[in-house]
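Here is the file input.txt (compact mmCIF, C-alpha atoms).
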# COMPACT_ATOMS: atom_id res chain seq x y z
CA MET A 1365 -104.97 -26.69 -39.33
CA PRO A 1366 -107.97 -24.36 -39.14
CA PRO A 1367 -107.05 -20.68 -39.22
CA PRO A 1368 -108.11 -18.92 -36.03
CA ALA A 1369 -111.26 -16.86 -36.39
CA ALA A 1370 -109.53 -13.77 -35.08
CA ALA A 1371 -107.14 -13.79 -38.00
CA ALA A 1372 -109.92 -13.56 -40.59
CA PRO A 1373 -110.14 -9.76 -40.81
CA ALA A 1374 -106.38 -9.56 -40.66
CA THR A 1375 -105.93 -8.85 -44.33
CA THR A 1376 -107.12 -5.25 -43.88
CA PRO A 1377 -104.55 -3.65 -41.63
CA ALA A 1378 -106.26 -0.24 -41.91
CA ALA A 1379 -107.45 0.77 -38.44
CA PRO A 1380 -111.21 0.39 -38.07
CA THR A 1381 -113.37 2.64 -35.91
CA VAL A 1382 -112.63 2.82 -32.23
CA GLY A 1383 -115.63 0.87 -30.95
CA LEU A 1384 -115.16 -1.90 -33.43
CA SER A 1385 -111.49 -2.03 -32.70
CA ARG A 1386 -112.11 -2.41 -29.00
CA GLN A 1387 -114.49 -5.25 -29.72
CA ARG A 1388 -111.91 -6.84 -31.94
CA LEU A 1389 -109.26 -6.46 -29.28
CA TRP A 1390 -111.51 -8.17 -26.76
CA ARG A 1391 -112.23 -10.98 -29.21
CA ALA A 1392 -108.56 -11.42 -30.01
CA LEU A 1393 -107.86 -11.64 -26.30
CA THR A 1394 -110.64 -13.97 -25.18
CA GLU A 1395 -111.17 -16.29 -28.14
CA PRO A 1396 -107.97 -18.27 -27.65
CA LEU A 1397 -108.66 -18.85 -23.96
CA LEU A 1398 -111.04 -21.75 -24.46
CA ARG A 1399 -112.84 -21.81 -27.80
CA GLN A 1400 -109.79 -21.32 -29.98
CA ASN A 1401 -107.33 -22.67 -27.47
CA PRO A 1402 -103.98 -23.10 -29.21
CA VAL A 1403 -103.21 -26.33 -27.39
CA THR A 1404 -106.45 -28.26 -27.63
CA LEU A 1405 -107.63 -27.04 -31.02
CA GLN A 1406 -104.51 -26.54 -33.07
CA ILE A 1407 -102.04 -28.95 -31.42
CA LEU A 1408 -99.63 -26.07 -31.08
CA GLY A 1409 -97.03 -25.69 -28.40
CA ILE A 1410 -97.48 -28.95 -26.55
CA CYS A 1411 -93.89 -29.82 -27.35
CA SER A 1412 -92.47 -28.29 -24.23
CA ALA A 1413 -95.74 -28.03 -22.35
CA LEU A 1414 -96.18 -31.48 -20.89
CA ALA A 1415 -92.71 -32.08 -19.55
CA VAL A 1416 -92.87 -29.24 -17.05
CA THR A 1417 -96.28 -30.01 -15.58
CA THR A 1418 -95.15 -32.38 -12.84
CA SER A 1419 -95.42 -29.51 -10.40
CA LEU A 1420 -97.57 -26.43 -10.31
CA ALA A 1421 -94.67 -24.06 -9.64
CA ALA A 1422 -92.82 -25.22 -12.73
CA ALA A 1423 -95.99 -24.96 -14.81
CA LEU A 1424 -96.59 -21.41 -13.58
CA THR A 1425 -93.03 -20.34 -14.36
CA MET A 1426 -93.19 -21.88 -17.79
CA SER A 1427 -96.56 -20.22 -18.50
CA ALA A 1428 -95.30 -16.82 -17.41
CA ALA A 1429 -92.14 -17.19 -19.49
CA LEU A 1430 -94.02 -18.24 -22.60
CA THR A 1431 -96.66 -15.53 -22.24
CA ALA A 1432 -93.98 -12.88 -21.83
CA VAL A 1433 -92.06 -14.11 -24.86
CA VAL A 1434 -95.08 -14.40 -27.14
CA VAL A 1435 -96.44 -10.96 -26.20
CA MET A 1436 -93.10 -9.22 -26.67
CA ALA A 1437 -92.32 -11.08 -29.88
CA ALA A 1438 -95.72 -10.20 -31.32
CA GLY A 1439 -95.27 -6.56 -30.34
CA ILE A 1440 -91.80 -6.24 -31.83
CA ILE A 1441 -92.60 -8.08 -35.04
CA SER A 1442 -95.81 -6.14 -35.47
CA VAL A 1443 -93.97 -2.83 -35.06
CA ILE A 1444 -91.43 -3.65 -37.74
CA ARG A 1445 -93.83 -5.66 -39.90
CA ARG A 1446 -93.55 -3.27 -42.86
CA HIS A 1447 -89.77 -3.47 -42.86
CA ILE A 1448 -89.32 -7.24 -42.87
CA PRO A 1449 -88.75 -8.60 -46.38
CA PRO A 1450 -91.15 -11.53 -46.82
CA SER A 1451 -88.45 -13.83 -48.14
CA ILE A 1452 -86.42 -13.79 -44.95
CA ARG A 1453 -89.22 -13.22 -42.46
CA ASN A 1454 -88.82 -16.63 -40.85
CA ILE A 1455 -85.20 -15.98 -40.02
CA VAL A 1456 -85.98 -12.51 -38.68
CA GLN A 1457 -88.78 -13.92 -36.52
CA ILE A 1458 -86.66 -16.75 -35.19
CA VAL A 1459 -83.82 -14.42 -34.28
CA ILE A 1460 -86.16 -12.03 -32.47
CA ILE A 1461 -87.88 -14.86 -30.60
CA ALA A 1462 -84.61 -16.57 -29.72
CA SER A 1463 -83.14 -13.34 -28.38
CA LEU A 1464 -86.19 -12.81 -26.17
CA VAL A 1465 -85.95 -16.38 -24.95
CA VAL A 1466 -82.28 -15.92 -24.08
CA VAL A 1467 -83.20 -12.87 -21.99
CA ILE A 1468 -86.01 -14.70 -20.19
CA ASP A 1469 -83.79 -17.72 -19.61
CA GLN A 1470 -81.09 -15.57 -18.05
CA VAL A 1471 -83.66 -13.81 -15.85
CA ILE A 1472 -85.09 -17.12 -14.57
CA ARG A 1473 -81.59 -18.46 -14.04
CA ALA A 1474 -80.66 -15.40 -12.00
CA TYR A 1475 -83.72 -15.11 -9.80
CA LEU A 1476 -85.16 -18.65 -9.65
CA PRO A 1477 -82.11 -20.93 -9.80
CA ASP A 1478 -83.89 -23.97 -8.36
CA LEU A 1479 -86.74 -23.82 -10.81
CA SER A 1480 -84.32 -23.15 -13.64
CA ARG A 1481 -82.54 -26.40 -12.88
CA ARG A 1482 -85.84 -28.26 -12.79
CA LEU A 1483 -87.03 -26.75 -16.07
CA SER A 1484 -83.68 -27.79 -17.60
CA VAL A 1485 -83.68 -27.10 -21.32
CA PHE A 1486 -87.37 -26.43 -21.59
CA VAL A 1487 -87.18 -22.67 -21.15
CA SER A 1488 -84.75 -22.50 -24.06
CA LEU A 1489 -87.16 -24.62 -26.04
CA ILE A 1490 -89.72 -21.82 -25.94
CA ALA A 1491 -87.74 -20.58 -28.93
CA THR A 1492 -89.13 -23.43 -30.98
CA ASN A 1493 -92.56 -23.36 -29.42
CA CYS A 1494 -95.08 -23.49 -32.21
CA ILE A 1495 -97.39 -21.02 -30.47
CA VAL A 1496 -94.87 -18.22 -30.67
CA MET A 1497 -93.99 -18.83 -34.31
CA GLY A 1498 -97.62 -19.49 -35.16
CA ARG A 1499 -98.87 -16.22 -33.69
CA THR A 1500 -96.14 -14.07 -35.17
CA GLU A 1501 -96.49 -15.77 -38.54
CA SER A 1502 -100.27 -15.77 -38.82
CA PHE A 1503 -101.30 -12.67 -36.87
CA ALA A 1504 -98.61 -10.24 -35.71
CA ARG A 1505 -97.05 -10.03 -39.16
CA ARG A 1506 -100.19 -8.43 -40.58
CA ASN A 1507 -101.67 -6.44 -37.71
CA PRO A 1508 -100.88 -3.28 -35.76
CA PRO A 1509 -99.09 -3.77 -32.42
CA LEU A 1510 -102.07 -3.46 -30.08
CA PRO A 1511 -104.28 -6.21 -31.56
CA ALA A 1512 -101.20 -8.32 -32.18
CA MET A 1513 -100.20 -8.12 -28.54
CA ALA A 1514 -103.78 -8.76 -27.37
CA ASP A 1515 -103.94 -11.83 -29.57
CA ALA A 1516 -100.57 -13.00 -28.30
CA LEU A 1517 -101.61 -12.43 -24.69
CA GLY A 1518 -104.79 -14.42 -25.29
CA ASN A 1519 -102.86 -17.30 -26.76
CA GLY A 1520 -100.27 -17.19 -24.02
CA LEU A 1521 -103.01 -17.29 -21.40
CA GLY A 1522 -104.81 -20.09 -23.24
CA TYR A 1523 -101.60 -22.10 -23.10
CA SER A 1524 -101.19 -21.17 -19.43
CA ILE A 1525 -104.70 -22.39 -18.58
CA VAL A 1526 -103.96 -25.82 -20.00
CA LEU A 1527 -100.56 -25.99 -18.33
CA ILE A 1528 -101.85 -24.90 -14.94
CA LEU A 1529 -104.79 -27.28 -15.12
CA ILE A 1530 -102.60 -30.27 -15.91
CA GLY A 1531 -99.92 -29.14 -13.48
CA THR A 1532 -102.47 -28.87 -10.68
CA VAL A 1533 -103.92 -32.30 -11.30
CA ARG A 1534 -100.52 -33.96 -11.63
CA GLU A 1535 -99.00 -32.40 -8.54
CA LEU A 1536 -102.13 -32.78 -6.40
CA PHE A 1537 -102.68 -36.44 -7.15
CA GLY A 1538 -99.07 -37.39 -7.82
CA ALA A 1539 -97.54 -35.96 -4.69
CA GLY A 1540 -100.49 -34.71 -2.65
CA THR A 1541 -99.08 -31.20 -2.63
CA LEU A 1542 -99.76 -27.88 -4.34
CA MET A 1543 -96.90 -25.42 -4.83
CA GLY A 1544 -94.93 -27.71 -2.50
CA ARG A 1545 -97.43 -27.37 0.35
CA PRO A 1546 -99.20 -30.59 1.41
CA ILE A 1547 -102.92 -30.59 0.60
CA LEU A 1548 -103.66 -34.29 0.67
CA VAL A 1549 -101.44 -35.55 3.49
CA SER A 1550 -99.54 -38.55 2.17
CA VAL A 1551 -99.02 -41.84 3.96
CA ASP A 1552 -95.30 -41.17 4.37
CA ALA A 1553 -96.10 -38.04 6.36
CA GLY A 1554 -98.57 -39.88 8.59
CA GLY A 1555 -101.67 -38.97 6.61
CA TRP A 1556 -104.13 -41.03 4.63
CA TYR A 1557 -103.33 -40.28 0.99
CA GLU A 1558 -101.44 -42.85 -1.04
CA PRO A 1559 -99.71 -40.77 -3.76
CA LEU A 1560 -100.48 -41.86 -7.29
CA GLY A 1561 -96.96 -42.25 -8.64
CA LEU A 1562 -98.18 -42.66 -12.20
CA MET A 1563 -99.29 -39.04 -12.23
CA LEU A 1564 -95.67 -37.92 -12.08
CA LEU A 1565 -94.66 -40.13 -15.01
CA PRO A 1566 -94.90 -39.03 -18.64
CA PRO A 1567 -97.89 -41.21 -19.69
CA SER A 1568 -100.30 -39.45 -17.36
CA ALA A 1569 -99.64 -36.12 -19.05
CA PHE A 1570 -100.69 -37.63 -22.35
CA PHE A 1571 -103.82 -39.14 -20.83
CA LEU A 1572 -104.82 -35.92 -19.06
CA LEU A 1573 -104.34 -33.85 -22.19
CA GLY A 1574 -106.31 -36.43 -24.15
CA PHE A 1575 -109.20 -36.18 -21.69
CA LEU A 1576 -108.98 -32.38 -21.77
CA VAL A 1577 -109.17 -32.36 -25.55
CA TRP A 1578 -112.11 -34.75 -25.37
CA ALA A 1579 -113.90 -32.48 -22.89
CA VAL A 1580 -113.30 -29.31 -24.90
CA ARG A 1581 -114.41 -30.94 -28.11
CA SER A 1582 -117.52 -32.37 -26.52
CA ARG A 1583 -118.40 -28.90 -25.27
CA TRP A 1584 -117.88 -27.36 -28.73
CA PRO A 1585 -118.77 -30.20 -31.11
CA GLU A 1586 -117.91 -28.15 -34.18
CA GLN A 1587 -114.25 -28.64 -33.28
CA ALA A 1588 -114.61 -32.37 -33.08
CA GLU A 1589 -113.82 -33.90 -36.41
CA PRO A 1590 -110.79 -32.97 -38.48
CA PRO A 1591 -112.38 -33.48 -41.90
CA ASP A 1592 -109.58 -35.57 -43.41
CA PHE A 1593 -109.86 -38.20 -40.72
CA VAL A 1594 -113.12 -39.67 -42.03
CA PRO A 1595 -112.67 -43.39 -42.66
CA PRO A 1596 -112.95 -43.94 -46.40
CA ASP A 1597 -115.76 -46.51 -46.54
CA VAL A 1598 -117.85 -46.12 -43.44
CA ALA A 1599 -121.12 -46.57 -45.28
CA GLU A 1600 -120.08 -49.92 -46.71
CA GLY A 1601 -119.53 -51.68 -43.43
CA ARG A 1602 -122.73 -50.54 -41.76
CA PRO A 1603 -126.24 -51.79 -42.30
CA MET B 1384 -67.54 -49.23 -27.24
CA THR B 1385 -70.10 -50.65 -24.88
CA GLY B 1386 -70.46 -47.14 -23.54
CA LEU B 1387 -71.47 -45.81 -26.93
CA GLY B 1388 -73.81 -48.72 -27.61
CA ALA B 1389 -75.50 -48.19 -24.29
CA LEU B 1390 -75.78 -44.48 -25.03
CA PHE B 1391 -77.46 -45.26 -28.35
CA LEU B 1392 -80.02 -47.52 -26.68
CA GLN B 1393 -80.54 -45.04 -23.89
CA ALA B 1394 -81.16 -42.19 -26.32
CA ALA B 1395 -83.45 -44.28 -28.52
CA LEU B 1396 -85.51 -46.17 -25.98
CA VAL B 1397 -85.11 -44.96 -22.41
CA GLU B 1398 -85.12 -41.26 -23.23
CA ASN B 1399 -87.36 -41.47 -26.23
CA MET B 1400 -87.83 -37.89 -27.42
CA PRO B 1401 -91.57 -37.71 -28.01
CA LEU B 1402 -92.72 -40.25 -25.46
CA THR B 1403 -90.70 -39.40 -22.36
CA PHE B 1404 -89.49 -35.84 -22.97
CA PHE B 1405 -92.50 -34.68 -24.99
CA LEU B 1406 -90.20 -33.14 -27.56
CA GLY B 1407 -91.25 -32.76 -31.16
CA LEU B 1408 -94.85 -33.57 -30.40
CA CYS B 1409 -96.25 -31.19 -33.00
CA THR B 1410 -94.78 -33.10 -35.92
CA PHE B 1411 -95.10 -36.38 -34.02
CA LEU B 1412 -98.86 -35.98 -33.88
CA ALA B 1413 -99.43 -34.15 -37.14
CA LEU B 1414 -97.41 -36.39 -39.45
CA SER B 1415 -98.35 -39.78 -38.02
CA ARG B 1416 -101.61 -40.26 -39.90
CA ARG B 1417 -100.01 -42.69 -42.34
CA PRO B 1418 -97.07 -45.02 -41.72
CA GLY B 1419 -95.44 -44.00 -45.02
CA THR B 1420 -95.26 -40.32 -44.14
CA ALA B 1421 -94.24 -41.27 -40.64
CA ALA B 1422 -91.34 -43.32 -41.97
CA GLY B 1423 -90.22 -40.38 -44.08
CA LEU B 1424 -90.35 -38.08 -41.09
CA GLY B 1425 -88.43 -40.62 -39.05
CA ALA B 1426 -85.69 -40.85 -41.68
CA ALA B 1427 -85.44 -37.07 -41.83
CA MET B 1428 -85.22 -36.89 -38.04
CA ILE B 1429 -82.40 -39.46 -37.90
CA PHE B 1430 -80.49 -37.52 -40.54
CA VAL B 1431 -81.04 -34.05 -39.10
CA LEU B 1432 -80.37 -35.07 -35.50
CA GLY B 1433 -77.37 -37.20 -36.48
CA VAL B 1434 -75.82 -34.26 -38.33
CA THR B 1435 -76.80 -31.28 -36.20
CA VAL B 1436 -75.92 -32.61 -32.74
CA PRO B 1437 -72.22 -33.28 -33.52
CA LEU B 1438 -72.09 -30.11 -35.65
CA ASN B 1439 -73.46 -28.06 -32.80
CA HIS B 1440 -71.02 -29.80 -30.50
CA LEU B 1441 -68.15 -28.54 -32.63
CA VAL B 1442 -69.64 -25.05 -32.78
CA TYR B 1443 -70.15 -25.00 -29.04
CA ARG B 1444 -66.67 -26.29 -28.20
CA ALA B 1445 -64.88 -24.07 -30.71
CA LEU B 1446 -66.73 -20.81 -30.27
CA LEU B 1447 -69.15 -20.67 -27.37
CA ALA B 1448 -67.98 -22.71 -24.40
CA PRO B 1449 -66.40 -20.86 -21.47
CA GLY B 1450 -62.71 -20.50 -22.26
CA ALA B 1451 -63.07 -21.36 -25.94
CA TRP B 1452 -61.43 -18.08 -26.89
CA GLY B 1453 -58.43 -18.73 -24.66
CA TRP B 1454 -56.08 -18.95 -27.67
CA ALA B 1455 -57.06 -15.41 -28.62
CA GLY B 1456 -56.11 -14.07 -25.22
CA MET B 1457 -59.67 -13.95 -23.87
CA PRO B 1458 -59.89 -16.93 -21.52
CA GLU B 1459 -62.70 -15.41 -19.48
CA LEU B 1460 -65.01 -14.93 -22.41
CA ASP B 1461 -68.15 -17.04 -21.93
CA LEU B 1462 -70.45 -16.96 -24.91
CA SER B 1463 -72.57 -19.91 -23.91
CA TYR B 1464 -75.62 -17.68 -23.60
CA LEU B 1465 -75.45 -17.34 -27.38
CA SER B 1466 -75.69 -21.09 -27.91
CA LEU B 1467 -79.44 -21.04 -28.47
CA ILE B 1468 -79.22 -18.64 -31.40
CA ALA B 1469 -76.15 -20.37 -32.83
CA PHE B 1470 -77.81 -23.79 -32.64
CA ILE B 1471 -80.93 -22.54 -34.36
CA GLY B 1472 -78.79 -21.11 -37.14
CA VAL B 1473 -76.92 -24.38 -37.66
CA ILE B 1474 -80.15 -26.35 -37.62
CA ALA B 1475 -81.84 -24.01 -40.10
CA ALA B 1476 -78.90 -24.35 -42.50
CA THR B 1477 -78.91 -28.15 -42.20
CA VAL B 1478 -82.62 -28.37 -42.81
CA GLN B 1479 -82.31 -26.11 -45.84
CA LEU B 1480 -79.59 -28.41 -47.18
CA LEU B 1481 -81.71 -31.48 -46.55
CA GLU B 1482 -84.62 -29.88 -48.33
CA MET B 1483 -82.56 -29.08 -51.41
CA LEU B 1484 -81.11 -32.60 -51.50
CA MET B 1485 -84.55 -34.17 -51.15
CA ASP B 1486 -86.02 -31.92 -53.80
CA ARG B 1487 -83.29 -33.09 -56.16
CA PHE B 1488 -83.13 -36.80 -55.36
CA MET B 1489 -86.43 -37.76 -53.73
CA PRO B 1490 -89.12 -35.46 -55.13
CA GLY B 1491 -91.92 -37.82 -54.06
CA LEU B 1492 -90.92 -37.73 -50.44
CA HIS B 1493 -90.35 -33.99 -50.69
CA ALA B 1494 -93.88 -33.48 -51.92
CA ALA B 1495 -95.22 -35.71 -49.14
CA PHE B 1496 -93.51 -33.58 -46.54
CA GLY B 1497 -94.90 -30.38 -47.97
CA VAL B 1498 -94.92 -27.67 -45.38
CA PHE B 1499 -93.52 -29.79 -42.60
CA LEU B 1500 -89.89 -29.97 -43.66
CA PRO B 1501 -89.23 -26.25 -43.01
CA LEU B 1502 -90.96 -26.79 -39.68
CA LEU B 1503 -88.14 -29.15 -38.71
CA THR B 1504 -86.14 -25.95 -38.27
CA VAL B 1505 -88.23 -25.09 -35.27
CA GLN B 1506 -88.65 -28.66 -34.12
CA CYS B 1507 -88.24 -28.99 -30.39
CA ALA B 1508 -86.71 -32.46 -30.59
CA ILE B 1509 -83.89 -31.32 -32.85
CA LEU B 1510 -83.04 -28.25 -30.82
CA GLY B 1511 -83.57 -30.26 -27.65
CA GLY B 1512 -81.00 -32.82 -28.80
CA SER B 1513 -78.37 -30.11 -29.09
CA LEU B 1514 -79.31 -28.53 -25.77
CA PHE B 1515 -79.16 -31.87 -23.96
CA MET B 1516 -75.77 -32.46 -25.56
CA VAL B 1517 -74.49 -29.27 -23.91
CA GLU B 1518 -76.21 -29.90 -20.60
CA ARG B 1519 -74.75 -33.40 -20.29
CA ARG B 1520 -71.29 -32.49 -21.61
CA TYR B 1521 -71.08 -35.19 -24.28
CA GLY B 1522 -67.89 -35.58 -26.30
CA LEU B 1523 -67.89 -35.53 -30.10
CA ALA B 1524 -68.36 -39.29 -30.60
CA GLU B 1525 -70.94 -39.38 -27.83
CA SER B 1526 -72.92 -36.52 -29.32
CA ALA B 1527 -72.95 -38.17 -32.75
CA VAL B 1528 -74.20 -41.41 -31.22
CA TYR B 1529 -76.68 -39.53 -29.09
CA GLY B 1530 -78.05 -37.67 -32.11
CA LEU B 1531 -78.43 -40.84 -34.15
CA GLY B 1532 -80.00 -42.67 -31.22
CA ALA B 1533 -82.47 -39.92 -30.49
CA GLY B 1534 -83.41 -39.77 -34.17
CA ALA B 1535 -83.84 -43.54 -34.31
CA GLY B 1536 -86.04 -43.44 -31.22
CA PHE B 1537 -88.19 -40.73 -32.74
CA ALA B 1538 -88.46 -42.70 -35.98
CA LEU B 1539 -89.45 -45.87 -34.11
CA ALA B 1540 -92.10 -44.07 -32.10
CA VAL B 1541 -93.60 -42.16 -35.00
CA VAL B 1542 -93.79 -45.21 -37.27
CA MET B 1543 -95.46 -47.22 -34.52
CA LEU B 1544 -97.95 -44.46 -33.84
CA GLY B 1545 -98.61 -44.12 -37.57
CA ALA B 1546 -99.30 -47.84 -37.83
CA ILE B 1547 -101.71 -47.80 -34.88
CA ARG B 1548 -103.53 -44.75 -36.23
CA ALA B 1549 -103.88 -46.32 -39.66
CA ARG B 1550 -105.65 -49.26 -38.05
CA LEU B 1551 -107.77 -47.02 -35.87
CA ALA B 1552 -109.08 -45.16 -38.91
CA TYR B 1553 -111.88 -47.70 -39.01
CA ALA B 1554 -112.69 -47.56 -35.32
CA ASP B 1555 -115.93 -46.01 -34.18
CA LEU B 1556 -114.78 -43.46 -31.63
CA PRO B 1557 -116.79 -40.84 -29.72
CA ALA B 1558 -116.86 -37.65 -31.78
CA GLY B 1559 -114.85 -35.58 -29.35
CA LEU B 1560 -112.14 -38.18 -29.08
CA ARG B 1561 -111.54 -38.58 -32.79
CA GLY B 1562 -108.25 -37.40 -34.21
CA LEU B 1563 -106.21 -35.54 -31.63
CA GLY B 1564 -107.86 -36.90 -28.50
CA VAL B 1565 -107.34 -40.56 -29.20
CA THR B 1566 -103.85 -39.88 -30.49
CA PHE B 1567 -102.94 -38.50 -27.09
CA MET B 1568 -104.32 -41.63 -25.47
CA LEU B 1569 -102.31 -43.80 -27.86
CA ALA B 1570 -99.17 -41.79 -27.18
CA GLY B 1571 -99.84 -42.19 -23.47
CA MET B 1572 -100.11 -45.96 -23.78
CA MET B 1573 -96.97 -46.11 -25.90
CA SER B 1574 -95.24 -43.95 -23.33
CA LEU B 1575 -96.36 -46.40 -20.66
CA GLY B 1576 -94.80 -49.18 -22.69
CA PHE B 1577 -91.58 -47.29 -23.26
CA SER B 1578 -91.27 -46.51 -19.57
CA ALA B 1579 -90.51 -50.21 -19.10
CA PHE B 1580 -87.20 -49.53 -20.86
CA ALA B 1581 -86.20 -47.39 -17.91
CA GLN B 1582 -85.24 -50.63 -16.20
CA MET B 1583 -82.43 -51.03 -18.73
CA VAL B 1584 -80.33 -48.23 -17.31
CA ALA B 1585 -81.15 -49.03 -13.73
CA GLN B 1586 -79.19 -52.28 -13.97

Could the structure of this file be written out as structure tokens, please?
Amino acid sequence: MPPPAAAAPATTPAAPTVGLSRQRLWRALTEPLLRQNPVTLQILGICSALAVTTSLAAALTMSAALTAVVVMAAGIISVIRRHIPPSIRNIVQIVIIASLVVVIDQVIRAYLPDLSRRLSVFVSLIATNCIVMGRTESFARRNPPLPAMADALGNGLGYSIVLILIGTVRELFGAGTLMGRPILVSVDAGGWYEPLGLMLLPPSAFFLLGFLVWAVRSRWPEQAEPPDFVPPDVAEGRP
Amino acid sequence: MTGLGALFLQAALVENMPLTFFLGLCTFLALSRRPGTAAGLGAAMIFVLGVTVPLNHLVYRALLAPGAWGWAGMPELDLSYLSLIAFIGVIAATVQLLEMLMDRFMPGLHAAFGVFLPLLTVQCAILGGSLFMVERRYGLAESAVYGLGAGAGFALAVVMLGAIRARLAYADLPAGLRGLGVTFMLAGMMSLGFSAFAQMVAQ
């Protein structure tokens, strides 16, 4: 798993000059959006991502919940980073993240009961989302709160972009609606669009994400080949 | 007994963790390069899920469920909002135990797992198994069967994916599709195949 570029200067927690720091903040925020996207580049956080993308509303809720959790977790862990003993840091991080997730889950349950039922256990599963653990472990643990939160926000938004993209495609072509409102009027409602039922089934999420990864990696070819996936004797079989 | 058998098949095939619920995809994709590693991961998943789901069931029933503290004169106490943290604690302890046992008795497999065994602590499929157990109100026997079935389904899927990827190592794929991209496509096709099992419950 390639370490994100933004984490490279992380070993020197001393605050750099203001201008440089602002630049670094901006980089930490924007790099994970597309180039260093946590989902397409690092295979992080897809666990709970694909199941909720059958409708755009669910995808939006999930994105907002995850972004809130990752930003707050990064902030809290970064503030107390000097007081966490390294040997038990995983447990401390998990407890902090899980507590935040419990809060978010209760909030969604209170104010969006319908969506909460549709998201089922997947909001709780943010606790085990690799993005959250990954960001706190690799970045927030060694950086001051502001860059840590910027980095977390960037990663949360990068995840959201993927989720919203897939959610839009699946809901639009699977049901002909967006946010529950009909866009492509389906045959049942007297329109012309025959809904593509496959889009609402699990396989389509895999295919869409596969195509998305393909597109991103064709745009930035340096991401393409994980080095240990080279077939051992390519040269032998070719003329 | 037919109920439990059906539940096992349902957990393993119809509601396959990685392929229909997208749970545990991180390890599913990362550890499926070789069938051997995949088989090890599958065995670990069966064990961890088979142990933690009934264990968490006991914890939930005894301490967290609404009314569990009735014997202590607090029948209104509802601690179920704590279940997430409690489950993670139980799972972390189980994984730690498994790691120590493997280090002692199967050092080869332990070395093959490397960094990924501790990651099972934060594995969505394992936590998801416990959360589904609560959501669907399984009994103790049911939750044990459900855990084993879900683990077996994960093992089946990851070994199959590992086998396909091992063969595809020699395929000449477009650069952008290599590795992760084609693995998603494979998982999608396997998911398509597994969705045929959905007919089993319908009847």

Give me the residues near Leu1560 of chain B as a list in words, where near means some atom within 10 Å (using only C-alpha atoms) and where sequence neighbours in that chain fewer than 6 positions away do not count. Gly1574, Phe1575, Leu1576, Val1577, Trp1578, Ala1579, Val1580, Arg1581, Ser1582, Ala1588 and Glu1589 of chain A; Thr1566, Phe1567 and Met1568 of chain B

Could you dump the residues just selected with C-alpha atoms as a PDB file, in the coordinates of the input?
ATOM      1  CA  GLY A1574    -106.310 -36.430 -24.150  1.00  0.00           C
ATOM      2  CA  PHE A1575    -109.200 -36.180 -21.690  1.00  0.00           C
ATOM      3  CA  LEU A1576    -108.980 -32.380 -21.770  1.00  0.00           C
ATOM      4  CA  VAL A1577    -109.170 -32.360 -25.550  1.00  0.00           C
ATOM      5  CA  TRP A1578    -112.110 -34.750 -25.370  1.00  0.00           C
ATOM      6  CA  ALA A1579    -113.900 -32.480 -22.890  1.00  0.00           C
ATOM      7  CA  VAL A1580    -113.300 -29.310 -24.900  1.00  0.00           C
ATOM      8  CA  ARG A1581    -114.410 -30.940 -28.110  1.00  0.00           C
ATOM      9  CA  SER A1582    -117.520 -32.370 -26.520  1.00  0.00           C
ATOM     10  CA  ALA A1588    -114.610 -32.370 -33.080  1.00  0.00           C
ATOM     11  CA  GLU A1589    -113.820 -33.900 -36.410  1.00  0.00           C
TER      12      GLU A1589
ATOM     13  CA  THR B1566    -103.850 -39.880 -30.490  1.00  0.00           C
ATOM     14  CA  PHE B1567    -102.940 -38.500 -27.090  1.00  0.00           C
ATOM     15  CA  MET B1568    -104.320 -41.630 -25.470  1.00  0.00           C
TER      16      MET B1568
END

Pick from A:Thr1492, A:Thr1425, A:Ser1524, A:Ser1484: nearest to chain B, with only C-alpha atoms counted? A:Thr1492

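Residues with any atom within 9 Å of segment 1436-1448 of chain A, counting only C-alpha atoms and excluding same-chain neighbours fewer than 6 positions away, are Val1456, Gln1457, Ile1460, Ile1461, Leu1464, Val1496, Arg1499, Thr1500, Phe1503, Ala1504, Arg1505, Arg1506, Asn1507, Pro1508, Pro1509, Leu1510, Ala1512, Met1513, Asp1515 and Ala1516 of chain A.
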
Write out as JSON, numbers by chain which residues come within 6 Å of Ser1463 of chain B when counting only C-alpha atoms, dropping same-chain ones fewer than 3 positions away. {"B": [1447, 1448, 1466]}

In Å, with one decimal, what is the gap from atom CA of Ala1524 of chain B to atom CA of His1440 of chain B?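 Between atom CA of Ala1524 of chain B and atom CA of His1440 of chain B the gap is 9.9 Å.
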
Please check which residues have atoms at most 12 Å from (-84.8, -37.8, -51.8) in the file's coordinates, counting all atoms listed in the file, and write them as JSON, numbers by chain. {"B": [1423, 1426, 1427, 1480, 1481, 1482, 1483, 1484, 1485, 1486, 1487, 1488, 1489, 1490, 1491, 1492, 1493, 1494, 1495, 1496]}

Rounded to one decimal in Å, what is the spacing between atom CA of Ala1422 of chain B and atom CA of Ala1538 of chain B?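 That distance, rounded to one decimal, is 6.7 Å.
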
Two-atom distance - atom CA of Ala1533 of chain B, atom CA of Ala1394 of chain B (Å): 4.9 Å
